[in-house]
Amino acid sequence: MISRIFGWLFDPANTGAIVSRTLEHLQYSVVALALAALIAIPAGMYVGHTGRGRFAVVNLAGAARAIPTLGLLYLMVLLLGPRLTGDVAFLLPNLLVLVVLAIPPILSGTYAGIDEVDPAARDAAKGMGLTGREVLLRVEFPCALPLVFSGLRSALLQVVATATIAATAGLGGLGRFLIDGLAVRDFPQMAAGAILVAVLALLCDLVFGLAQRYAVSPGISGRTRRRTRRARRERDADSGASASRTERDRLDAGASAS
Amino acid sequence: MIEFDSVTKEYPDGTVAVGDLSLRAPTGEITVLVGPSGCGKTTSLRMINRMIEPTSGTITIDGEDSGSVDPARLRRGIGYVIQHAGLFPHRTIVQNIMTVPTLLGWDGGKAKARAMELMERVGLDPAFADRYPNQLSGGQQQRVGVARALAADPPVMLMDEPFSAVDPVVREGLQDEFLRLQSEMGKTIVFVTHDIDEAVKLGDRIAVLDVGGRLAQIASPAVLLAEPASDMVADFVGRDRGYRALAFTGGQVRADDEPTVPLGASVEDARAAAGGARWLLVLDEEGRPAGWVEPAKMAAPASADFLNRGGTVARADGSLRQALDAALSSPSGRGVLVSPDGALIGTVPAGRVVEAIEAERVHRTEGGAS
Ligand SMILES: Nc1ncnc2c1ncn2[C@@H]1O[C@H](COP(=O)(O)OP(=O)(O)O)[C@@H](O)[C@H]1O
Ligand SMILES: [Mg+2]
């Protein structure tokens, strides 16, 4: 069975289809994720910064898990299809479903990231004369990045996995191999399609992981941990040193109180 | 000068945190707001830079009503230091310190040079410049917090319990350095603490607040300790205020010559120098007191390792509190007095310091009566 799957995957006759289906799949996913991020990140920033709408965000994230994706897709096609023509009649509902799916994790990640920013840092920023907007963009958002990224990454995994349903609405993407394979009972093709989706999802996650490494300050990503341990050693040495320094101060002068 | 004129703050829930407060924080001085937890110290402080808006009354800074200035612009001209430093975790130490200069549009090179200079001044190793806050100890972070507040050289500094979250030994070092910095800079500082010892140590003037943000007394530390205006103030400044007040009492005590040996002296030399006394003072290479030894128990030359360093050392020109503390803490019962450069002058027993305190008191009360 496994050799038949690999046989299908590496059959030169399938290479063209694999490449173009993968690109289609990637396209749906990236467009959906970008749209979702465009909506959810600013909304999450607003909610995190102002505290307004916190209740809605928390509940939305929970409720969104219960949305039946396929049902939503058919509903959208039914509602929007008659009003649109051509490919768009299927493309748009499909995109909307993916966007709806991707918004909650990004929104709650962004919100939680900003909500968890050290209140002392926020207070200090404001107290030094940063405007509300500056506090948000220069302090809160950079500090929230790890959670923004984890929201983006979990949204991306869901979107890549779910973009297979595009095929059920007559579109392309890797889902085609599943649908078409099922139609002709070509199980190696179906399994290969599933594998490709998984591999694509992992690759995308890897890319985001690298982007995260690059974007998040080492001061919060914990990549200074090794140096931190060293700092802790020095710190212990330092407090020892300051203890003896104080001892010496007392010997030196003891004059500090006057 | 910062002036509170009948300032009241009532929170929306009805809590009156500050009630009709009027006080002045003179230019170039440290004014400490002290009082029990919840008495409105933080609220008062944060009204100065409009982090909190007063319900009524006005606060003026050098004659200008702070309520009439754009809050962000106002705050850029006021240094602000808080308890947990509040450093930006995603920025390096030097970037943290450069925050306000950057906001003010300073050229990057100039801002960085200023930040490096400040690290030096607050006692931070320049090697920390490119580290992140999570790599520093609490005490080091607090130093960064102070440097950051000083970066644009604001004339006014607001400090809210800046040294409360670090351990006592580190705190004492930070306080000493803060006083040294202030003696160089002469900022107008409003400093909040709940610790009366810290208030007495740092304040030029101390405002004691009572619950509800009412001013109980404002006075110099010496006056506050000697003449508390009410039972509340007397309770708050504590039972050993008589002893603490000695910190502000100068007076002459005669020092006895003290036999000494240098570090490294042999057992025989030490026993000869002590002449039968149990404790012998050892001086370091520069003639400064290093500690005490017991010649009878010595088995090897006097090395720094086994000196008794229990005794504090008082400056002969310092307060009687230091002299008394030196005598009380010395293993030999003889308090070590030194000159301003740390060189030994002699020793004094506790009894003689107490006599000097008494003489000083008589002198003062008779001087007051005539
Ligand atoms: N945002 C707020 N809303 C309501 N009450 C507050 C608020 N902030 C402080 N308080 C109350 O005001 C009083 C003074 O608080 P604060 O100025 O923080 O005191 P302190 O700094 O002296 O401990 C306290 O009783 C506190 O509970
Ligand atoms: Mg407080």
# chains A, B, ... in the order shown; residues from 1 in each chain; ligands from 1
$ residues_around --residues "stretch 109-112 of chain A" --least-positions-apart "3" --cutoff "9 Å" --atoms "only C-alpha atoms" --output "ChimeraX atom specification"
/A:40-49,54,57,104-106,115-117,141,144-152
$ interface_residues --of "chain B" --to "chain A" --cutoff "7 Å" --atoms "only C-alpha atoms" --output "NGL selection string"
:B and (51 or 72-73 or 75-76 or 79-80 or 84 or 86-91 or 100 or 132 or 134-137 or 169-170 or 173 or 176 or 201 or 247-248 or 312-315 or 318-319 or 322 or 342)
$ write_last_selection --atoms "N, CA and C atoms" --output "mmCIF file, in the first residue's frame"
data_model
loop_
_atom_site.group_PDB
_atom_site.id
_atom_site.type_symbol
_atom_site.label_atom_id
_atom_site.label_comp_id
_atom_site.auth_asym_id
_atom_site.auth_seq_id
_atom_site.Cartn_x
_atom_site.Cartn_y
_atom_site.Cartn_z
ATOM 1 N N MET B 51 -0.893 61.142 35.299
ATOM 2 C CA MET B 51 -1.283 59.754 35.081
ATOM 3 C C MET B 51 -2.660 59.570 35.710
ATOM 4 N N ALA B 72 1.214 64.015 27.409
ATOM 5 C CA ALA B 72 2.407 63.321 26.898
ATOM 6 C C ALA B 72 3.617 64.258 26.920
ATOM 7 N N ARG B 73 3.387 65.525 26.555
ATOM 8 C CA ARG B 73 4.505 66.469 26.525
ATOM 9 C C ARG B 73 4.992 66.756 27.953
ATOM 10 N N ARG B 75 4.853 64.743 30.469
ATOM 11 C CA ARG B 75 5.555 63.574 31.015
ATOM 12 C C ARG B 75 6.954 63.421 30.439
ATOM 13 N N ARG B 76 7.146 63.861 29.212
ATOM 14 C CA ARG B 76 8.491 63.748 28.635
ATOM 15 C C ARG B 76 9.494 64.614 29.369
ATOM 16 N N GLY B 79 11.017 62.935 34.907
ATOM 17 C CA GLY B 79 11.510 61.563 35.078
ATOM 18 C C GLY B 79 10.539 60.761 35.924
ATOM 19 N N TYR B 80 10.380 59.483 35.579
ATOM 20 C CA TYR B 80 9.381 58.657 36.265
ATOM 21 C C TYR B 80 9.987 57.292 36.549
ATOM 22 N N HIS B 84 8.671 48.329 40.159
ATOM 23 C CA HIS B 84 9.249 47.202 39.434
ATOM 24 C C HIS B 84 9.899 47.680 38.132
ATOM 25 N N GLY B 86 9.812 48.421 35.421
ATOM 26 C CA GLY B 86 8.978 48.547 34.221
ATOM 27 C C GLY B 86 9.814 48.717 32.974
ATOM 28 N N LEU B 87 10.942 48.016 32.917
ATOM 29 C CA LEU B 87 11.758 48.089 31.705
ATOM 30 C C LEU B 87 11.019 47.409 30.559
ATOM 31 N N PHE B 88 11.333 47.817 29.337
ATOM 32 C CA PHE B 88 10.721 47.190 28.173
ATOM 33 C C PHE B 88 11.498 45.912 27.867
ATOM 34 N N PRO B 89 10.840 44.755 28.023
ATOM 35 C CA PRO B 89 11.588 43.493 27.928
ATOM 36 C C PRO B 89 12.166 43.235 26.540
ATOM 37 N N HIS B 90 11.561 43.841 25.506
ATOM 38 C CA HIS B 90 12.005 43.538 24.147
ATOM 39 C C HIS B 90 13.126 44.458 23.698
ATOM 40 N N ARG B 91 13.500 45.396 24.536
ATOM 41 C CA ARG B 91 14.561 46.330 24.161
ATOM 42 C C ARG B 91 15.791 46.090 25.025
ATOM 43 N N VAL B 100 13.264 58.184 26.076
ATOM 44 C CA VAL B 100 12.763 59.560 25.999
ATOM 45 C C VAL B 100 13.563 60.411 25.004
ATOM 46 N N TYR B 132 19.461 42.226 27.620
ATOM 47 C CA TYR B 132 18.040 42.494 27.790
ATOM 48 C C TYR B 132 17.700 42.489 29.281
ATOM 49 N N ASN B 134 15.721 40.886 31.130
ATOM 50 C CA ASN B 134 15.608 39.605 31.846
ATOM 51 C C ASN B 134 16.968 38.996 32.185
ATOM 52 N N GLN B 135 18.026 39.616 31.737
ATOM 53 C CA GLN B 135 19.363 39.113 32.064
ATOM 54 C C GLN B 135 19.972 39.856 33.249
ATOM 55 N N LEU B 136 19.194 40.790 33.820
ATOM 56 C CA LEU B 136 19.714 41.599 34.921
ATOM 57 C C LEU B 136 19.014 41.250 36.229
ATOM 58 N N SER B 137 19.692 41.479 37.345
ATOM 59 C CA SER B 137 19.068 41.290 38.655
ATOM 60 C C SER B 137 18.107 42.453 38.922
ATOM 61 N N VAL B 169 20.131 44.634 51.472
ATOM 62 C CA VAL B 169 21.532 44.986 51.241
ATOM 63 C C VAL B 169 21.676 45.781 49.947
ATOM 64 N N VAL B 170 21.034 45.274 48.887
ATOM 65 C CA VAL B 170 21.085 45.972 47.607
ATOM 66 C C VAL B 170 20.401 47.334 47.737
ATOM 67 N N GLY B 173 22.626 49.999 49.102
ATOM 68 C CA GLY B 173 23.576 50.462 48.098
ATOM 69 C C GLY B 173 22.915 51.418 47.109
ATOM 70 N N ASP B 176 22.322 54.821 48.729
ATOM 71 C CA ASP B 176 23.556 55.609 48.843
ATOM 72 C C ASP B 176 23.920 56.225 47.500
ATOM 73 N N LYS B 201 16.297 58.753 55.662
ATOM 74 C CA LYS B 201 17.618 58.714 55.045
ATOM 75 C C LYS B 201 17.696 59.612 53.807
ATOM 76 N N ALA B 247 20.866 60.579 64.205
ATOM 77 C CA ALA B 247 21.501 60.693 62.895
ATOM 78 C C ALA B 247 21.680 62.154 62.516
ATOM 79 N N PHE B 248 20.893 63.016 63.153
ATOM 80 C CA PHE B 248 20.964 64.440 62.796
ATOM 81 C C PHE B 248 21.666 65.244 63.875
ATOM 82 N N THR B 312 30.909 48.572 62.969
ATOM 83 C CA THR B 312 30.781 49.613 61.956
ATOM 84 C C THR B 312 31.825 50.683 62.262
ATOM 85 N N VAL B 313 32.055 51.525 61.306
ATOM 86 C CA VAL B 313 33.048 52.573 61.458
ATOM 87 C C VAL B 313 32.355 53.919 61.283
ATOM 88 N N ALA B 314 32.641 54.853 62.179
ATOM 89 C CA ALA B 314 31.974 56.156 62.116
ATOM 90 C C ALA B 314 32.972 57.233 61.712
ATOM 91 N N ARG B 315 32.450 58.195 60.968
ATOM 92 C CA ARG B 315 33.311 59.345 60.681
ATOM 93 C C ARG B 315 33.336 60.247 61.897
ATOM 94 N N GLY B 318 31.009 62.885 61.655
ATOM 95 C CA GLY B 318 29.638 62.459 61.324
ATOM 96 C C GLY B 318 28.704 62.642 62.505
ATOM 97 N N SER B 319 27.605 61.871 62.488
ATOM 98 C CA SER B 319 26.605 62.039 63.534
ATOM 99 C C SER B 319 26.951 61.189 64.743
ATOM 100 N N GLN B 322 26.111 57.442 64.371
ATOM 101 C CA GLN B 322 27.137 56.558 63.812
ATOM 102 C C GLN B 322 28.181 56.201 64.853
ATOM 103 N N GLY B 342 38.929 58.027 55.489
ATOM 104 C CA GLY B 342 38.902 56.650 55.975
ATOM 105 C C GLY B 342 40.047 56.280 56.892
#
$ residues_near_ligand --ligand "ligand 1" --cutoff "10 Å" --atoms "only C-alpha atoms and all ligand atoms" --output "MDAnalysis selection string"
chainID B and resid 9:18 33:47 52 160:161 192:194 209:213
$ residues_around --residues "stretch 345-362 of chain B" --least-positions-apart "5" --cutoff "9 Å" --atoms "only C-alpha atoms" --output "PyMOL selection string"
chain B and resi 246+249-259+316+320-321+323-328+333-339+367
$ residues_around --residues "A:Leu92" --least-positions-apart "2" --cutoff "12 Å" --atoms "only C-alpha atoms" --output "number ranges by chain"
A: 28, 31-32, 73-74, 76-81, 83-90, 94-99, 166, 169, 171
$ residues_around --residues "stretch 59-68 of chain B" --least-positions-apart "6" --cutoff "7 Å" --atoms "only C-alpha atoms" --output "number ranges by chain"
B: 1-5, 48
$ residues_around --residues "B:Pro295" --least-positions-apart "5" --cutoff "9 Å" --atoms "only C-alpha atoms" --output "list in words"
Val267, Glu268, Ala270, Arg271, Ala272, Ala274, Gly276, Ala277, Arg278, Trp279, Leu280 and Ala302 of chain B
$ write_last_selection --atoms "N, CA, C and O atoms" --output "PDB file, in the first residue's frame"
ATOM      1  N   VAL B 267      52.228  36.912  64.881  1.00  0.00           N
ATOM      2  CA  VAL B 267      51.550  36.652  66.147  1.00  0.00           C
ATOM      3  C   VAL B 267      52.256  37.396  67.283  1.00  0.00           C
ATOM      4  O   VAL B 267      51.613  38.024  68.123  1.00  0.00           O
ATOM      5  N   GLU B 268      53.584  37.349  67.272  1.00  0.00           N
ATOM      6  CA  GLU B 268      54.350  37.990  68.346  1.00  0.00           C
ATOM      7  C   GLU B 268      54.103  39.495  68.367  1.00  0.00           C
ATOM      8  O   GLU B 268      53.835  40.091  69.404  1.00  0.00           O
ATOM      9  N   ALA B 270      51.579  41.123  67.196  1.00  0.00           N
ATOM     10  CA  ALA B 270      50.207  41.422  67.580  1.00  0.00           C
ATOM     11  C   ALA B 270      50.065  41.341  69.099  1.00  0.00           C
ATOM     12  O   ALA B 270      49.456  42.216  69.725  1.00  0.00           O
ATOM     13  N   ARG B 271      50.659  40.276  69.696  1.00  0.00           N
ATOM     14  CA  ARG B 271      50.525  40.129  71.147  1.00  0.00           C
ATOM     15  C   ARG B 271      51.230  41.262  71.870  1.00  0.00           C
ATOM     16  O   ARG B 271      50.720  41.804  72.845  1.00  0.00           O
ATOM     17  N   ALA B 272      52.378  41.689  71.335  1.00  0.00           N
ATOM     18  CA  ALA B 272      53.113  42.791  71.949  1.00  0.00           C
ATOM     19  C   ALA B 272      52.318  44.085  71.851  1.00  0.00           C
ATOM     20  O   ALA B 272      52.195  44.840  72.814  1.00  0.00           O
ATOM     21  N   ALA B 274      49.070  44.480  71.518  1.00  0.00           N
ATOM     22  CA  ALA B 274      47.835  44.458  72.293  1.00  0.00           C
ATOM     23  C   ALA B 274      48.117  44.711  73.766  1.00  0.00           C
ATOM     24  O   ALA B 274      47.292  45.285  74.474  1.00  0.00           O
ATOM     25  N   GLY B 276      48.140  42.767  76.283  1.00  0.00           N
ATOM     26  CA  GLY B 276      47.223  42.116  77.210  1.00  0.00           C
ATOM     27  C   GLY B 276      45.755  42.352  76.928  1.00  0.00           C
ATOM     28  O   GLY B 276      44.898  41.649  77.447  1.00  0.00           O
ATOM     29  N   ALA B 277      45.442  43.377  76.087  1.00  0.00           N
ATOM     30  CA  ALA B 277      44.026  43.604  75.758  1.00  0.00           C
ATOM     31  C   ALA B 277      43.518  42.452  74.892  1.00  0.00           C
ATOM     32  O   ALA B 277      44.279  41.832  74.153  1.00  0.00           O
ATOM     33  N   ARG B 278      42.208  42.176  74.982  1.00  0.00           N
ATOM     34  CA  ARG B 278      41.676  41.017  74.272  1.00  0.00           C
ATOM     35  C   ARG B 278      41.609  41.260  72.765  1.00  0.00           C
ATOM     36  O   ARG B 278      41.901  40.382  71.968  1.00  0.00           O
ATOM     37  N   TRP B 279      41.211  42.462  72.369  1.00  0.00           N
ATOM     38  CA  TRP B 279      41.033  42.756  70.946  1.00  0.00           C
ATOM     39  C   TRP B 279      42.055  43.765  70.445  1.00  0.00           C
ATOM     40  O   TRP B 279      42.391  44.712  71.150  1.00  0.00           O
ATOM     41  N   LEU B 280      42.479  43.571  69.223  1.00  0.00           N
ATOM     42  CA  LEU B 280      43.477  44.462  68.629  1.00  0.00           C
ATOM     43  C   LEU B 280      43.002  44.863  67.227  1.00  0.00           C
ATOM     44  O   LEU B 280      42.545  44.022  66.447  1.00  0.00           O
ATOM     45  N   ALA B 302      48.274  38.046  61.004  1.00  0.00           N
ATOM     46  CA  ALA B 302      46.950  38.650  60.829  1.00  0.00           C
ATOM     47  C   ALA B 302      46.613  38.788  59.343  1.00  0.00           C
ATOM     48  O   ALA B 302      47.165  39.643  58.660  1.00  0.00           O
TER      49      ALA B 302
END
$ select_by_dssp --residues "stretch 34-246 of chain A" --states "alpha helix (DSSP H)" --output "PyMOL selection string"
chain A and resi 34-50+54-64+69-80+88-115+119-127+132-134+141-162+175-183+187-215+218-221+225-246
$ atom_distance --atom1 "atom CA of B:Leu283" --atom2 "atom CA of B:Asn308"
12.3 Å
$ closest_residue --among "A:Ala215, A:Leu60, A:Val184, A:Ala163" --to "A:Arg21" --atoms "only C-alpha atoms"
A:Ala163
